[in-house]
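Below is one structure, written out as structure tokens, with a few remarks after it.
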Amino acid sequence: MQKVLFTATVDSHIKHFHLPYLKWFQEQGYEVHVATNGEEEIPYCNKKHIVRFERSPFKTNNLKAIKQLKKIIEKEKFDIIHCHTPMGSVVTRIAAMKAREKYHTKVIYTAHGFHFFKGAPIINWLIYYPVEKMLDRAMDCLITINEEDYNLAKRRFKTKQIELVHGVGVDETRFNITMTEQEKAELRRSLGIEENDFVIIYPAELNKNKNQGMLLNAITKLKKQGYENIKVLLPGKDSNNGAYEIMAKNLEIEQQIKFLGYRTDIPKLIKISNLAVATSKREGLPINMVEAMYCELPCIATINRGHKELIESGRNGFLIEINNVNQLASNILELYKNKELRIEFTKNAKEKAEVFILYNVKNEMEKIYRSYKGEK
């Protein structure tokens with residue numbers, strides 16, 4: 001029986017993004033293995049390996065993880081290894097070097113957004129770029145998920161096969177739901193949203209990179225102009241120790257900002273919203289924007305390589321400068337006042353999002369997998 005191994009630093013990465021591909025390999029008759037630094041059960045996984053990957057490149061545990069993973073690879077003799085996450089992929093590619101020569105194991109690496117990119121801090125280029133450059137031949141295929149990373153890889157790396165795939169795939173079936181007007185009204189009421197409120201949604205982990213503070217400052221400006229009926233939904237795990245909630249209270253906008261924590265009903269929350277906003281500093285390819293666009297929401301997003309992949313400013317949304325609070329407030333107000341513009345943007349948003357849905361991305365990935373299937 002052929003074997004495939006998926007690796008990532010944490011369980012959540014595999015569970016959130018790669019289950020359709022684990023399932024596909026099982027359907028093709030593969031024995032599916034997963035290696036992460038976690039103990040959760042993974043669907044469509046025949047064998048789980050706990051490897052002590054660390055996210056930080058400075059942790060010595062990663063040296064132990066290389067030795068640990070080498071033993072697993074030597075024992076299992078995988079046909080294909082697909083690695084993900086920055087340090088998970090570094091450890092995996094080093095551990096798999098001998099297997100590529102000895103067993104002709106094929107190694108695929110998906111870069112979910114290089115840490116070095118145009119405008120990135122110089123420290124990122126000093127730390128991450130040399131490592132990727134050193135390992136550019138330690139794999140058979142490098143997959144990028146946005147054009148900026150793809151073009152950079154083609155210019156700078158010697159990897160034999162470099163592919164552009166449109167993200168990890170948004171499961172469109174989750175969002176093909178209908179809600180009655182009564183159901184929408186009930187959900188809005190449960191969240192403290194009035195009938196005439198204009199609702200902005202930003203589904204994302206609360207952290208410094210996602211930069212929710214920029215949105216809070218924009219809402220403060222709009223409140224001072226009298227637009228207290230503009231409400232914001234912030235569903236997502238708080239990894240910022242409550243800093244944004246404190247900020248909202250200090251700005252006296254806590255009545256307008258709904259900190260919802262981790263939610264499993266994102267499709268319904270999008271359905272009751274009027275506008276999606278994303279203020280992150282860095283993105284590979286943002287799933288939250290694809291989901292909003294697929295649900296026909298107009299979008300406002302900061303200029304970065306991931307958002308530029310999705311938003312055509314003036315056609316399906318607005319692209320704005322990072323931390324330009326005045327520009328964000330102005331664009332929110334323009335879409336708040338101009339229903340015709342919102343309708344125009346929504347028509348174009350879904351059309352753009354179609355490229356990134358799971359059905360299409362899965363076809364792209366299957367083509368790559370099939371090119372190595374049975375090749376040993």
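Starting from 1 in every chain, residues are counted up; chains themselves are A, B, ... following the order of the structure tokens, and ligands are numbered from 1 as listed.
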
- Could you write out, as an MDAnalysis selection string, all the residues of segment 63-186 of chain A that DSSP marks as helix (DSSP H, G or I)? chainID A and resid 63:76 86:95 97:102 122:134 147:156 172:174 181:186

- Task: Apply DSSP to the structure's backbone, then extract all residues of segment 151-320 of chain A labelled strand (DSSP E or B) and return them as an MDAnalysis selection string.
- Result: chainID A and resid 161:164 170 198:201 206 230:235 238 257:261 275:278 299:302 313 317:320

Find the spatial neighbours of Leu285 of chain A, counting only C-alpha atoms, within a cut-off of 8 Å - ignore same-chain residues fewer than 4 positions away - and output them as a PDB file with N, CA and C atoms, in the first residue's frame.
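After the write, part-v3.pdb holds the following:
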```pdb
ATOM      1  N   HIS A 112       2.450  28.889   2.695  1.00  0.00           N
ATOM      2  CA  HIS A 112       1.179  29.591   2.910  1.00  0.00           C
ATOM      3  C   HIS A 112       1.392  31.095   3.096  1.00  0.00           C
ATOM      4  N   GLY A 113       2.454  31.599   2.502  1.00  0.00           N
ATOM      5  CA  GLY A 113       2.811  33.012   2.624  1.00  0.00           C
ATOM      6  C   GLY A 113       4.213  33.126   3.188  1.00  0.00           C
ATOM      7  N   ILE A 145       0.706  30.247  -2.938  1.00  0.00           N
ATOM      8  CA  ILE A 145      -0.737  30.495  -2.994  1.00  0.00           C
ATOM      9  C   ILE A 145      -1.078  31.930  -3.370  1.00  0.00           C
ATOM     10  N   ASN A 146      -0.070  32.696  -3.782  1.00  0.00           N
ATOM     11  CA  ASN A 146      -0.351  34.020  -4.337  1.00  0.00           C
ATOM     12  C   ASN A 146       0.721  34.356  -5.363  1.00  0.00           C
ATOM     13  N   GLY A 167      -4.859  29.052  -3.142  1.00  0.00           N
ATOM     14  CA  GLY A 167      -5.177  28.888  -1.725  1.00  0.00           C
ATOM     15  C   GLY A 167      -5.347  27.441  -1.331  1.00  0.00           C
ATOM     16  N   ARG A 305      -0.026  41.331  -0.179  1.00  0.00           N
ATOM     17  CA  ARG A 305      -0.019  40.421  -1.333  1.00  0.00           C
ATOM     18  C   ARG A 305      -1.246  39.525  -1.370  1.00  0.00           C
ATOM     19  N   GLY A 306      -1.763  39.095  -0.201  1.00  0.00           N
ATOM     20  CA  GLY A 306      -2.945  38.240  -0.180  1.00  0.00           C
ATOM     21  C   GLY A 306      -4.200  38.970  -0.591  1.00  0.00           C
ATOM     22  N   HIS A 307      -4.398  40.173  -0.050  1.00  0.00           N
ATOM     23  CA  HIS A 307      -5.583  40.949  -0.387  1.00  0.00           C
ATOM     24  C   HIS A 307      -5.558  41.398  -1.844  1.00  0.00           C
ATOM     25  N   GLU A 309      -4.518  39.785  -4.222  1.00  0.00           N
ATOM     26  CA  GLU A 309      -4.899  38.637  -5.036  1.00  0.00           C
ATOM     27  C   GLU A 309      -6.412  38.571  -5.232  1.00  0.00           C
TER      28      GLU A 309
END
```

- Message: Give me, as a ChimeraX atom specification, all polymer residues having an atom no more than 8 Å from Asp11 of chain A, counting only C-alpha atoms and skipping those fewer than 5 positions away in the same chain.
- Response: /A:36-40,42

- Item | Counting only C-alpha atoms, the residue of A:Trp24, A:Leu142, A:Glu74, A:Asn288 that sits nearest Arg100 of chain A |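 So, comparing all the options, the nearest one is A:Glu74.
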
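Using only C-alpha atoms, the smallest distance between any of A:Phe198, A:Tyr103, A:Tyr262, A:Tyr244 and Asn274 of chain A comes from A:Phe198.
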
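Remark: for Val168 of chain A, the closest of the candidate residues A:Gly284, A:Gly119, A:Gly29, A:Gly261 is A:Gly284 (distances computed over only C-alpha atoms).
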
- Message: I'd like the neighbourhood of segment 246-260 of chain A as a PyMOL selection string, where a residue qualifies if any of its atoms comes within 7 Å (using only C-alpha atoms), though same-chain residues fewer than 3 positions away should be ignored.
- Response: chain A and resi 216+220+230-236+242-243

- Please identify all polymer residues within 12 Å of Thr264 of chain A, counting only C-alpha atoms, omitting same-chain residues fewer than 5 positions from it, and present them as a PyMOL selection string. chain A and resi 174+203+235-237+269-270

Dump all heavy atoms for the selected residues as a PDB file, in the first residue's frame?
```pdb
ATOM      1  N   ARG A 174     -20.403  24.937   2.780  1.00  0.00           N
ATOM      2  CA  ARG A 174     -20.697  25.529   4.093  1.00  0.00           C
ATOM      3  C   ARG A 174     -21.467  26.836   3.941  1.00  0.00           C
ATOM      4  O   ARG A 174     -22.194  27.246   4.860  1.00  0.00           O
ATOM      5  CB  ARG A 174     -19.411  25.808   4.871  1.00  0.00           C
ATOM      6  CG  ARG A 174     -18.686  24.597   5.388  1.00  0.00           C
ATOM      7  CD  ARG A 174     -17.464  25.020   6.191  1.00  0.00           C
ATOM      8  NE  ARG A 174     -17.844  25.856   7.317  1.00  0.00           N
ATOM      9  CZ  ARG A 174     -17.212  26.990   7.640  1.00  0.00           C
ATOM     10  NH1 ARG A 174     -16.210  27.446   6.909  1.00  0.00           N
ATOM     11  NH2 ARG A 174     -17.608  27.687   8.701  1.00  0.00           N
ATOM     12  N   PRO A 203     -13.953  38.385  10.464  1.00  0.00           N
ATOM     13  CA  PRO A 203     -13.685  37.113  11.135  1.00  0.00           C
ATOM     14  C   PRO A 203     -12.186  36.806  11.103  1.00  0.00           C
ATOM     15  O   PRO A 203     -11.619  36.579  10.042  1.00  0.00           O
ATOM     16  CB  PRO A 203     -14.455  36.082  10.296  1.00  0.00           C
ATOM     17  CG  PRO A 203     -15.168  36.866   9.222  1.00  0.00           C
ATOM     18  CD  PRO A 203     -14.472  38.185   9.119  1.00  0.00           C
ATOM     19  N   PRO A 235     -15.686  37.950  15.262  1.00  0.00           N
ATOM     20  CA  PRO A 235     -15.590  36.556  15.689  1.00  0.00           C
ATOM     21  C   PRO A 235     -14.158  36.066  15.533  1.00  0.00           C
ATOM     22  O   PRO A 235     -13.535  36.261  14.485  1.00  0.00           O
ATOM     23  CB  PRO A 235     -16.535  35.832  14.725  1.00  0.00           C
ATOM     24  CG  PRO A 235     -16.560  36.681  13.503  1.00  0.00           C
ATOM     25  CD  PRO A 235     -16.282  38.091  13.929  1.00  0.00           C
ATOM     26  N   GLY A 236     -13.632  35.446  16.572  1.00  0.00           N
ATOM     27  CA  GLY A 236     -12.273  34.929  16.488  1.00  0.00           C
ATOM     28  C   GLY A 236     -11.636  34.779  17.859  1.00  0.00           C
ATOM     29  O   GLY A 236     -11.962  35.518  18.793  1.00  0.00           O
ATOM     30  N   LYS A 237     -10.755  33.832  17.956  1.00  0.00           N
ATOM     31  CA  LYS A 237     -10.009  33.595  19.193  1.00  0.00           C
ATOM     32  C   LYS A 237      -9.176  34.824  19.537  1.00  0.00           C
ATOM     33  O   LYS A 237      -8.556  35.429  18.679  1.00  0.00           O
ATOM     34  CB  LYS A 237      -9.105  32.377  19.006  1.00  0.00           C
ATOM     35  CG  LYS A 237      -8.174  32.079  20.150  1.00  0.00           C
ATOM     36  CD  LYS A 237      -7.226  30.946  19.789  1.00  0.00           C
ATOM     37  CE  LYS A 237      -6.161  30.742  20.857  1.00  0.00           C
ATOM     38  NZ  LYS A 237      -5.165  29.717  20.451  1.00  0.00           N
ATOM     39  N   LEU A 269     -23.139  34.443  10.307  1.00  0.00           N
ATOM     40  CA  LEU A 269     -22.736  35.795  10.688  1.00  0.00           C
ATOM     41  C   LEU A 269     -22.465  36.645   9.446  1.00  0.00           C
ATOM     42  O   LEU A 269     -22.790  37.834   9.417  1.00  0.00           O
ATOM     43  CB  LEU A 269     -21.493  35.747  11.578  1.00  0.00           C
ATOM     44  CG  LEU A 269     -21.668  35.085  12.954  1.00  0.00           C
ATOM     45  CD1 LEU A 269     -20.333  35.004  13.678  1.00  0.00           C
ATOM     46  CD2 LEU A 269     -22.686  35.846  13.796  1.00  0.00           C
ATOM     47  N   ILE A 270     -21.890  36.026   8.421  1.00  0.00           N
ATOM     48  CA  ILE A 270     -21.657  36.755   7.168  1.00  0.00           C
ATOM     49  C   ILE A 270     -22.990  37.131   6.522  1.00  0.00           C
ATOM     50  O   ILE A 270     -23.149  38.233   5.986  1.00  0.00           O
ATOM     51  CB  ILE A 270     -20.801  35.908   6.205  1.00  0.00           C
ATOM     52  CG1 ILE A 270     -19.366  35.793   6.738  1.00  0.00           C
ATOM     53  CG2 ILE A 270     -20.777  36.528   4.805  1.00  0.00           C
ATOM     54  CD1 ILE A 270     -18.473  34.893   5.918  1.00  0.00           C
TER      55      ILE A 270
END
```

Taking 6 positions as the minimum chain separation for residues in the same chain, which residues sit within 7 Å of Ser89 of chain A when counting only C-alpha atoms? Answer as an mmCIF file with all heavy atoms, in the first residue's frame.
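What follows is the written file out.cif:
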```
data_model
loop_
_atom_site.group_PDB
_atom_site.id
_atom_site.type_symbol
_atom_site.label_atom_id
_atom_site.label_comp_id
_atom_site.auth_asym_id
_atom_site.auth_seq_id
_atom_site.Cartn_x
_atom_site.Cartn_y
_atom_site.Cartn_z
ATOM 1 N N ALA A 8 2.742 19.412 9.779
ATOM 2 C CA ALA A 8 2.519 20.818 10.122
ATOM 3 C C ALA A 8 2.876 20.987 11.584
ATOM 4 O O ALA A 8 2.908 20.007 12.340
ATOM 5 C CB ALA A 8 1.075 21.238 9.870
ATOM 6 N N CYS A 83 4.469 18.905 3.238
ATOM 7 C CA CYS A 83 4.717 19.645 4.470
ATOM 8 C C CYS A 83 4.158 21.065 4.403
ATOM 9 O O CYS A 83 4.078 21.678 3.332
ATOM 10 C CB CYS A 83 6.210 19.657 4.811
ATOM 11 S SG CYS A 83 7.312 20.224 3.495
ATOM 12 N N TYR A 109 6.089 20.977 -0.733
ATOM 13 C CA TYR A 109 5.993 22.009 0.321
ATOM 14 C C TYR A 109 5.050 23.103 -0.138
ATOM 15 O O TYR A 109 5.238 23.696 -1.204
ATOM 16 C CB TYR A 109 7.381 22.577 0.621
ATOM 17 C CG TYR A 109 7.404 23.879 1.389
ATOM 18 C CD1 TYR A 109 6.539 24.120 2.465
ATOM 19 C CD2 TYR A 109 8.309 24.893 1.053
ATOM 20 C CE1 TYR A 109 6.576 25.312 3.170
ATOM 21 C CE2 TYR A 109 8.359 26.090 1.753
ATOM 22 C CZ TYR A 109 7.481 26.297 2.809
ATOM 23 O OH TYR A 109 7.524 27.478 3.510
#
```

- Item | Best match for closeness to Tyr30 of chain A among A:Gln2, A:Thr105, A:Asn323, A:Thr9, counting only C-alpha atoms | A:Gln2

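Using only C-alpha atoms, the smallest distance between any of A:Tyr44, A:Tyr227, A:Phe6, A:Phe356 and Ile287 of chain A comes from A:Phe356.
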
- Task: Using only C-alpha atoms, pick whichever of A:Ile272, A:Ile303, A:Met214, A:Ala99 has the shortest atom-to-atom distance to Gln182 of chain A.
- Result: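 Of the candidates, the smallest distance to Gln182 of chain A is held by A:Ile272.
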
- Could you state the separation of atom CA of Ile14 of chain A and atom CA of Gly88 of chain A in Å, given to one decimal place?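 Computed distance, atom CA of Ile14 of chain A to atom CA of Gly88 of chain A, equals 11.6 Å.
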